[in-house]
Amino acid sequence: MIAHSLRLRMMGLAVFWVVLSLIAAGVALQYLFSINLERTTRVELEAALARLAAIIVTDTSAPSLSSPLPDPRYATPFGGRYWQVQAVDNDLVARSRSLWDFIIDPLETTEGLHHSDGPEGRHLIALTRRLAIENGSVTREYLVTAAQDHGPTHDAAQQFSVDLMQVLAPLGALILLLAWMQIKLGLAPVRTVENAIEAVRQGSKPRLEGVFPSELHSLVQEVNDLLDARDAMTEGAKARAADLAHGLKTPLAAVHGIAEKLRESGQGAEADMLQDLSFEMSERIDYQLRLASLRVRTAHASRASLNTAVLRTLTVLKRTGRGELLNWSAELADDCQVDIDRQDLMELVGVTLENAAKWARTRVVIRSWRTEKHAFLEICDDGPGVPPEQLSTLGIRGRRLDQSLPGSGLGLAIAYEILQINHGSIYFDIAPQGGLIVKMQVPLARGDSQEVS
Amino acid sequence: MRVLIAEDDDRIAETLTSALVKAGFLVERERDGESIWYRGDTESFDVVVLDLGLPQMDGLTILKRWRAADRMMPVLILTARGQWEERVDGIEAGADDYVVKPFHMQEIVARLRALVRRANGLSSSRILFGKYMLDLRTMEVTADGMPMDLTPQEFKLVSLLVHRRGQVLSQLEITEHIYNQDYERDSNAVEVLVARVRKRLGQDVVRTKRGFGYTLGDGY
C-alpha cells in the first residue's frame, strides 16, 4: 500500500529519519552527560589527591597523614569518599576510615580514572598517582589513590537517560505531527489536479483547467495533450463514420433507382425487395451514425433550450412530408434549459415528432411543463395508437409494431438511447382518442433547476 | 416545369432525370457546385433538387447565396445525412423541403409538384381553368371530365401558363421551360406550339400580348 501512496511513502520515510535522529541524539547526549560527569569526578579526585600529597607524613616508614581531610565522608565507614596511600618501598598502606579494612588495588600504570572494586562489593571510581616526595636527602615514592563510589554517578546517568526519553519522545511525536502536516499541505496541489481530472471525467470541462504548481505543469500539459489527441481521434472517427454513411447511402439511393427501372420492366416483386432492403440498410446506417454522434458524457454539463428545439423542429415538419397536412398544436410552458447537448436534444425532439407525424391522422398536440428538477415533453397524436399489451415493447431497437408504413422502428429507439445517456426517461400511453402519447422526462440544466417557478 | 437537378452522383441523377421527365418536368442537370450556383443565379427554374454534398461548393452555401441574391425558386434538399440538426439548418437556410437518401421516386415527384404549386399560390394538384382541369398527377387536361389528347409539349405549355396565371411569358421564357438546352430551337417553335394548343382548347385559352409574349386568356 505504501508503494502506491505518496503520502504514506513520505510519512514512512519521515518516521524512519525522525526515530533514527532522536535515537542518535539520545545516545550523543547520554555520552556527553557521562563525559561531563567523569570530568567533574576527575576534578574532585585530583583536588583530593593534591590535598593528600600535601599532608602525607614521610618521616615514618608507614605512611600517614599529618591531618584529616575536611570531608567527613572520609572518616565515615563506607562514607562514599576514600583515600589510600601506599609506600612503594615497603608496601605499607595508610587508608581512610571509610575504607574500613579494604585495600584498593592501585593501578599504578593508569594515570587516568579507573574503576575498581570497593568495600562491601561497591564499585569505585578512582584516581591513582605515583608521587615522589623528598624528605631531606631521601626521596620516598607513594601510590596515592583518591576514590569515590560510582553508584551516585551511575544513578545520575540513568536518571538522565530517563529524563532524556521523556523529552525526546514527545519531541519526536511533535516532529512527526509537523511532518504529517507538511506532507498534507505539500501534496494539497495534487488534489487540485485530481479535481481537474474528475471534472474532465465527468464531462464538465474538456481539459485540465486551473492554477497548478510549476512542478506539475509538465504533467498537466501531458494530460491535456493526451485529451486533445483523444478528442481528435473521436472527432476523426465520427467524421469517418459520417463519410462512410454518406458513401454507403448514395449507392443505396442508386440501388433504389435501379429498383424503379426493374419495376418499369415488369419485375415488381424484385423491385420491392430491392427497395425494402435499401431502405432498411439506410435506416440502420442512420441509426448507427446517430448513435456514434451522440455526446457521451456522465455529468451535468450541457444547456439547451427545450422550446427552441421544439419550435425549430416544428418549422421543418410543418413544411415537409406528411407534416404539412397535419394540424400542429404546441402548448409549451415557459422556456427552460435542459441538461442535454443541443444537437442531441434536436435529434430527440425530431425523431419523436417525426414519429407522431408519421402516424397522426389529422392532429399532433405537443405539451411541455416542468417540475423542480425535470422538464417534461408530451407528444400526442390521433393515429391508430398501439395495443396496450405492446406499449412496453415500444422503443426496443428495430421493433416495428406496424409494417404498413415504411421505416425500421429505429426512431423511438434513438430517442430511448438519447434519454438513457442523458439520465432521462420515456413513457408511452394511449391517448383518449386512441392515438399514442409519448411522454419524455429530461433533467433540467444546472442553474435552471433552482429557478423553480 | 423546369427543374434543375444539382447532383454529382451520375446514377442518382439519371434515375431522377428519368422519373422527372416521365412526370412532365423539363430537366436540367449540373454536377459541380460552382456551375449549379451560376445557373440558379442566372436562369429561371421552377424548382431545384439540391444535393448537399457537392464538389467545389456545398449545397448549403449555394442555397444561402441564392437566397441572399433574392433567388426565391423552391428548393428541395436531397442528402444522405438525416440528422435533425442538419435538416433544420437546411430549412432555415432557405430550403423548402428535405428528403433523405434513399427515396421513393414517386415521393420526390409529388413533393416537387407540391413545391411548384405552393410557389405559384395553388393548393391542389388539380387546377381548374375555365371549363378545363389540369391534373398534375395524371398529366392530363380534361374538358367537362372528358380527357383532351395533348402531346407532352402541349401539356407543358398549358401547365406553364396555368401555373403562371396572370403573368406574360416571353417566347424565350416559354422555350426555357419547355425545351431542353440541347434542343435545336426553331424560332417558330413556340408560335407553332401555341397555335396547336389554341386549336385543341380554343382560340381564347392563350392570349397574345404583342411585343411581350403569351398569357392565359381572360376568364381562364
# chains A, B, ... in the order shown; residues from 1 in each chain; ligands from 1
>>> closest_atom_pairs(of="chain B", to="chain A", cutoff="9 Å", atoms="only C-alpha atoms", output="CSV")
residue,atom,partner,partner_atom,distance
B:Asp9,CA,A:Thr250,CA,7.6
B:Asp10,CA,A:Ala254,CA,8.9
B:Arg11,CA,A:Ala254,CA,5.5
B:Ile12,CA,A:Ala254,CA,5.1
B:Ala13,CA,A:Ala254,CA,8.8
B:Glu14,CA,A:Gly257,CA,8.5
B:Thr15,CA,A:Gly257,CA,5.3
B:Leu16,CA,A:Gly257,CA,7.8
B:Ala19,CA,A:Glu260,CA,8.8
B:Gly53,CA,A:His246,CA,8.8
B:Thr79,CA,A:His246,CA,8.5
B:Ala80,CA,A:His246,CA,5.3
B:Arg81,CA,A:His246,CA,6.7
B:Gly82,CA,A:Asp286,CA,6.9
B:Gln83,CA,A:Glu347,CA,6.7
B:Trp84,CA,A:Glu347,CA,5.2
B:Glu85,CA,A:Gln343,CA,6.0
B:Arg87,CA,A:Val316,CA,7.4
B:Val88,CA,A:Val316,CA,6.1
B:Ile91,CA,A:Val316,CA,6.3
B:Glu92,CA,A:Val316,CA,8.4
B:Asp96,CA,A:Arg319,CA,6.9
B:Asp97,CA,A:Thr320,CA,5.3
B:Tyr98,CA,A:Thr320,CA,6.7
B:Val99,CA,A:Thr320,CA,8.6
B:Lys101,CA,A:Ala253,CA,5.7
B:Pro102,CA,A:Ala253,CA,4.1
B:Phe103,CA,A:Ala253,CA,6.6
B:His104,CA,A:His256,CA,7.5
B:Met105,CA,A:Glu260,CA,7.7
B:Glu107,CA,A:Gly321,CA,8.8
B:Arg111,CA,A:Gly321,CA,7.5
>>> write_last_selection(atoms="N, CA and C atoms", output="mmCIF file, in the first residue's frame")
data_model
loop_
_atom_site.group_PDB
_atom_site.id
_atom_site.type_symbol
_atom_site.label_atom_id
_atom_site.label_comp_id
_atom_site.auth_asym_id
_atom_site.auth_seq_id
_atom_site.Cartn_x
_atom_site.Cartn_y
_atom_site.Cartn_z
ATOM 1 N N ASP B 9 -23.701 12.605 -58.223
ATOM 2 C CA ASP B 9 -23.687 11.164 -58.482
ATOM 3 C C ASP B 9 -24.511 10.871 -59.745
ATOM 4 N N ASP B 10 -23.830 10.309 -60.775
ATOM 5 C CA ASP B 10 -24.482 10.102 -62.071
ATOM 6 C C ASP B 10 -25.667 9.145 -61.992
ATOM 7 N N ARG B 11 -25.508 8.080 -61.167
ATOM 8 C CA ARG B 11 -26.575 7.072 -61.123
ATOM 9 C C ARG B 11 -27.856 7.672 -60.553
ATOM 10 N N ILE B 12 -27.704 8.445 -59.459
ATOM 11 C CA ILE B 12 -28.896 9.056 -58.857
ATOM 12 C C ILE B 12 -29.477 10.090 -59.814
ATOM 13 N N ALA B 13 -28.597 10.875 -60.449
ATOM 14 C CA ALA B 13 -29.073 11.926 -61.362
ATOM 15 C C ALA B 13 -29.849 11.309 -62.528
ATOM 16 N N GLU B 14 -29.327 10.190 -63.051
ATOM 17 C CA GLU B 14 -30.020 9.544 -64.179
ATOM 18 C C GLU B 14 -31.402 9.042 -63.770
ATOM 19 N N THR B 15 -31.455 8.406 -62.585
ATOM 20 C CA THR B 15 -32.744 7.894 -62.108
ATOM 21 C C THR B 15 -33.736 9.031 -61.910
ATOM 22 N N LEU B 16 -33.234 10.115 -61.277
ATOM 23 C CA LEU B 16 -34.095 11.274 -61.044
ATOM 24 C C LEU B 16 -34.581 11.858 -62.368
ATOM 25 N N ALA B 19 -37.242 9.734 -64.018
ATOM 26 C CA ALA B 19 -38.551 9.805 -63.357
ATOM 27 C C ALA B 19 -39.202 11.168 -63.575
ATOM 28 N N GLY B 53 -23.958 17.449 -50.535
ATOM 29 C CA GLY B 53 -22.532 17.129 -50.670
ATOM 30 C C GLY B 53 -22.073 17.242 -52.107
ATOM 31 N N THR B 79 -30.223 14.702 -49.450
ATOM 32 C CA THR B 79 -28.964 14.454 -48.753
ATOM 33 C C THR B 79 -28.912 13.051 -48.180
ATOM 34 N N ALA B 80 -27.690 12.609 -47.964
ATOM 35 C CA ALA B 80 -27.510 11.307 -47.332
ATOM 36 C C ALA B 80 -27.545 11.443 -45.817
ATOM 37 N N ARG B 81 -27.402 12.668 -45.330
ATOM 38 C CA ARG B 81 -27.327 12.864 -43.877
ATOM 39 C C ARG B 81 -28.715 13.180 -43.326
ATOM 40 N N GLY B 82 -29.153 12.388 -42.362
ATOM 41 C CA GLY B 82 -30.525 12.546 -41.894
ATOM 42 C C GLY B 82 -30.655 13.141 -40.509
ATOM 43 N N GLN B 83 -29.555 13.632 -39.921
ATOM 44 C CA GLN B 83 -29.666 14.180 -38.572
ATOM 45 C C GLN B 83 -30.553 15.427 -38.553
ATOM 46 N N TRP B 84 -31.282 15.564 -37.481
ATOM 47 C CA TRP B 84 -32.265 16.647 -37.407
ATOM 48 C C TRP B 84 -31.625 18.025 -37.397
ATOM 49 N N GLU B 85 -30.489 18.144 -36.768
ATOM 50 C CA GLU B 85 -29.808 19.445 -36.738
ATOM 51 C C GLU B 85 -29.529 19.901 -38.174
ATOM 52 N N ARG B 87 -31.158 18.891 -40.903
ATOM 53 C CA ARG B 87 -32.429 19.190 -41.581
ATOM 54 C C ARG B 87 -32.882 20.605 -41.243
ATOM 55 N N VAL B 88 -32.805 20.926 -39.945
ATOM 56 C CA VAL B 88 -33.252 22.255 -39.511
ATOM 57 C C VAL B 88 -32.368 23.333 -40.134
ATOM 58 N N ILE B 91 -33.492 23.837 -43.756
ATOM 59 C CA ILE B 91 -34.747 24.592 -43.902
ATOM 60 C C ILE B 91 -34.511 26.058 -43.528
ATOM 61 N N GLU B 92 -33.734 26.268 -42.449
ATOM 62 C CA GLU B 92 -33.500 27.654 -42.013
ATOM 63 C C GLU B 92 -32.617 28.422 -42.999
ATOM 64 N N ASP B 96 -37.050 24.527 -49.060
ATOM 65 C CA ASP B 96 -38.495 24.392 -48.898
ATOM 66 C C ASP B 96 -38.884 22.981 -48.499
ATOM 67 N N ASP B 97 -38.012 22.025 -48.757
ATOM 68 C CA ASP B 97 -38.309 20.651 -48.368
ATOM 69 C C ASP B 97 -36.987 19.901 -48.259
ATOM 70 N N TYR B 98 -37.063 18.716 -47.652
ATOM 71 C CA TYR B 98 -35.845 17.990 -47.321
ATOM 72 C C TYR B 98 -36.125 16.501 -47.475
ATOM 73 N N VAL B 99 -35.364 15.830 -48.305
ATOM 74 C CA VAL B 99 -35.560 14.383 -48.490
ATOM 75 C C VAL B 99 -34.227 13.681 -48.260
ATOM 76 N N LYS B 101 -31.738 10.457 -48.565
ATOM 77 C CA LYS B 101 -31.485 9.295 -49.431
ATOM 78 C C LYS B 101 -31.483 8.021 -48.602
ATOM 79 N N PRO B 102 -31.903 6.897 -49.128
ATOM 80 C CA PRO B 102 -32.556 6.730 -50.434
ATOM 81 C C PRO B 102 -34.016 7.185 -50.360
ATOM 82 N N PHE B 103 -34.659 7.297 -51.494
ATOM 83 C CA PHE B 103 -36.005 7.865 -51.513
ATOM 84 C C PHE B 103 -36.831 7.165 -52.586
ATOM 85 N N HIS B 104 -38.151 7.278 -52.450
ATOM 86 C CA HIS B 104 -39.056 6.784 -53.479
ATOM 87 C C HIS B 104 -39.200 7.867 -54.535
ATOM 88 N N MET B 105 -39.083 7.492 -55.803
ATOM 89 C CA MET B 105 -39.200 8.480 -56.870
ATOM 90 C C MET B 105 -40.568 9.164 -56.846
ATOM 91 N N GLU B 107 -42.282 9.850 -54.362
ATOM 92 C CA GLU B 107 -42.284 10.839 -53.287
ATOM 93 C C GLU B 107 -41.618 12.135 -53.756
ATOM 94 N N ARG B 111 -43.484 15.682 -54.131
ATOM 95 C CA ARG B 111 -43.017 16.829 -53.355
ATOM 96 C C ARG B 111 -42.629 17.991 -54.266
#
>>> select_by_dssp(residues="region 21-200 of chain B", states="helix (DSSP H, G or I)", output="count of residues only")
78
>>> select_by_dssp(residues="region 46-112 of chain A", states="strand (DSSP E)", output="ChimeraX atom specification")
/A:56-57,64-65,81-87,93-95
>>> write_last_selection(atoms="C-alpha atoms", output="PDB file, in the first residue's frame")
ATOM      1  CA  ILE A  56      51.487  12.852  53.746  1.00  0.00           C
ATOM      2  CA  VAL A  57      53.908  12.277  56.599  1.00  0.00           C
ATOM      3  CA  SER A  64      50.212   8.605  57.357  1.00  0.00           C
ATOM      4  CA  LEU A  65      48.577  11.965  57.041  1.00  0.00           C
ATOM      5  CA  ARG A  81      34.766   9.032  49.618  1.00  0.00           C
ATOM      6  CA  TYR A  82      38.039   7.164  50.026  1.00  0.00           C
ATOM      7  CA  TRP A  83      41.727   7.692  50.029  1.00  0.00           C
ATOM      8  CA  GLN A  84      44.714   5.362  50.270  1.00  0.00           C
ATOM      9  CA  VAL A  85      48.457   5.960  50.419  1.00  0.00           C
ATOM     10  CA  GLN A  86      50.843   3.071  49.795  1.00  0.00           C
ATOM     11  CA  ALA A  87      54.578   3.385  50.283  1.00  0.00           C
ATOM     12  CA  VAL A  93      49.448   1.339  53.377  1.00  0.00           C
ATOM     13  CA  ALA A  94      47.564   4.139  55.062  1.00  0.00           C
ATOM     14  CA  ARG A  95      43.840   4.487  54.173  1.00  0.00           C
TER      15      ARG A  95
END
>>> residues_around(residues="Arg118 (chain B)", least_positions_apart="4", cutoff="12 Å", atoms="only C-alpha atoms", output="list in words")
Arg319 and Glu324 of chain A; Asp46, Val47, Met73, Pro74, Val75, Asp96, Asp97, Arg111, Leu112, Arg113, Ala114, Leu122, Ser123, Ser124, Ser125, His163 and Arg164 of chain B
>>> residues_around(residues="Leu107 (chain A)", least_positions_apart="2", cutoff="10 Å", atoms="only C-alpha atoms", output="list in words")
Ile104, Asp105, Thr109, Thr110, Glu111, Gly112, Leu113, His114, His115, Ser116, Ala126, Leu127, Thr128, Arg129, Arg130, Leu143 and Thr145 of chain A
>>> write_last_selection(atoms="N, CA, C and O atoms", output="CSV table (one decimal), in the first residue's frame")
chain,number,residue,atom,x,y,z
A,104,ILE,N,42.4,-0.8,48.4
A,104,ILE,CA,42.2,-0.6,46.9
A,104,ILE,C,43.4,-1.1,46.2
A,104,ILE,O,44.5,-0.9,46.6
A,105,ASP,N,43.1,-1.8,45.2
A,105,ASP,CA,44.3,-2.3,44.3
A,105,ASP,C,44.7,-1.1,43.4
A,105,ASP,O,44.0,-0.9,42.4
A,109,THR,N,49.9,1.8,36.7
A,109,THR,CA,50.2,2.3,35.3
A,109,THR,C,49.2,3.2,34.8
A,109,THR,O,49.3,3.9,33.8
A,110,THR,N,48.1,3.3,35.5
A,110,THR,CA,47.0,4.1,35.0
A,110,THR,C,47.1,5.5,35.6
A,110,THR,O,47.1,5.7,36.8
A,111,GLU,N,47.2,6.4,34.7
A,111,GLU,CA,47.3,7.8,35.1
A,111,GLU,C,46.0,8.5,35.2
A,111,GLU,O,45.8,9.5,35.8
A,112,GLY,N,45.0,7.9,34.5
A,112,GLY,CA,43.7,8.5,34.4
A,112,GLY,C,42.7,7.8,35.4
A,112,GLY,O,43.2,7.1,36.3
A,113,LEU,N,41.5,8.0,35.3
A,113,LEU,CA,40.5,7.4,36.2
A,113,LEU,C,40.4,5.9,35.9
A,113,LEU,O,40.6,5.5,34.7
A,114,HIS,N,40.2,5.2,36.9
A,114,HIS,CA,40.0,3.8,36.6
A,114,HIS,C,38.9,3.2,37.6
A,114,HIS,O,38.6,3.9,38.6
A,115,HIS,N,38.4,2.1,37.2
A,115,HIS,CA,37.3,1.5,38.1
A,115,HIS,C,37.9,0.4,38.9
A,115,HIS,O,38.8,-0.3,38.4
A,116,SER,N,37.4,0.3,40.1
A,116,SER,CA,38.0,-0.6,41.0
A,116,SER,C,36.9,-1.2,41.9
A,116,SER,O,35.8,-0.5,42.1
A,126,ALA,N,38.3,5.6,40.7
A,126,ALA,CA,39.4,6.0,41.5
A,126,ALA,C,40.5,6.7,40.6
A,126,ALA,O,40.5,6.5,39.3
A,127,LEU,N,41.3,7.5,41.2
A,127,LEU,CA,42.4,8.2,40.5
A,127,LEU,C,43.7,7.9,41.3
A,127,LEU,O,43.7,8.2,42.5
A,128,THR,N,44.7,7.3,40.7
A,128,THR,CA,45.9,7.0,41.4
A,128,THR,C,47.1,7.7,40.7
A,128,THR,O,47.2,7.8,39.5
A,129,ARG,N,47.9,8.2,41.6
A,129,ARG,CA,49.1,8.9,41.1
A,129,ARG,C,50.3,8.3,41.9
A,129,ARG,O,50.3,8.1,43.1
A,130,ARG,N,51.5,8.2,41.2
A,130,ARG,CA,52.7,7.9,41.9
A,130,ARG,C,53.4,9.2,42.2
A,130,ARG,O,53.7,10.0,41.3
A,143,LEU,N,52.1,5.5,46.2
A,143,LEU,CA,51.0,5.4,45.3
A,143,LEU,C,49.8,5.9,46.0
A,143,LEU,O,49.3,5.4,47.0
A,145,THR,N,46.0,7.2,46.1
A,145,THR,CA,44.7,6.9,45.4
A,145,THR,C,43.6,7.7,46.1
A,145,THR,O,43.5,7.6,47.4
>>> closest_residue(among="B:Ala6, B:Met57, B:Val109, B:Val158", to="Gly217 (chain B)", atoms="only C-alpha atoms")
B:Val158
>>> atom_distance(atom1="CA of Ala199 (chain A)", atom2="CA of Val223 (chain A)")
13.1 Å
>>> residues_around(residues="region 58-61 of chain B", least_positions_apart="3", cutoff="9 Å", atoms="only C-alpha atoms", output="list in words")
Ala6, Asp32, Gly33, Trp37, Leu50, Asp51, Leu52, Gly53, Leu54, Pro55, Lys64, Arg65, Trp66, Ile77, Asp89, Gly90, Ala93, Gly94 and Ala95 of chain B
>>> atom_distance(atom1="CA of Thr371 (chain A)", atom2="CA of Gly435 (chain A)")
25.8 Å
>>> atom_distance(atom1="CA of Tyr427 (chain A)", atom2="CA of Lys439 (chain A)")
5.1 Å
>>> closest_residue(among="B:Glu28, B:Glu140, B:Asp149, B:Glu154", to="Arg126 (chain B)", atoms="only C-alpha atoms")
B:Glu140
>>> closest_residue(among="B:Arg39, B:Lys131, B:Lys156, B:Arg2", to="Gly219 (chain B)", atoms="only C-alpha atoms")
B:Lys131
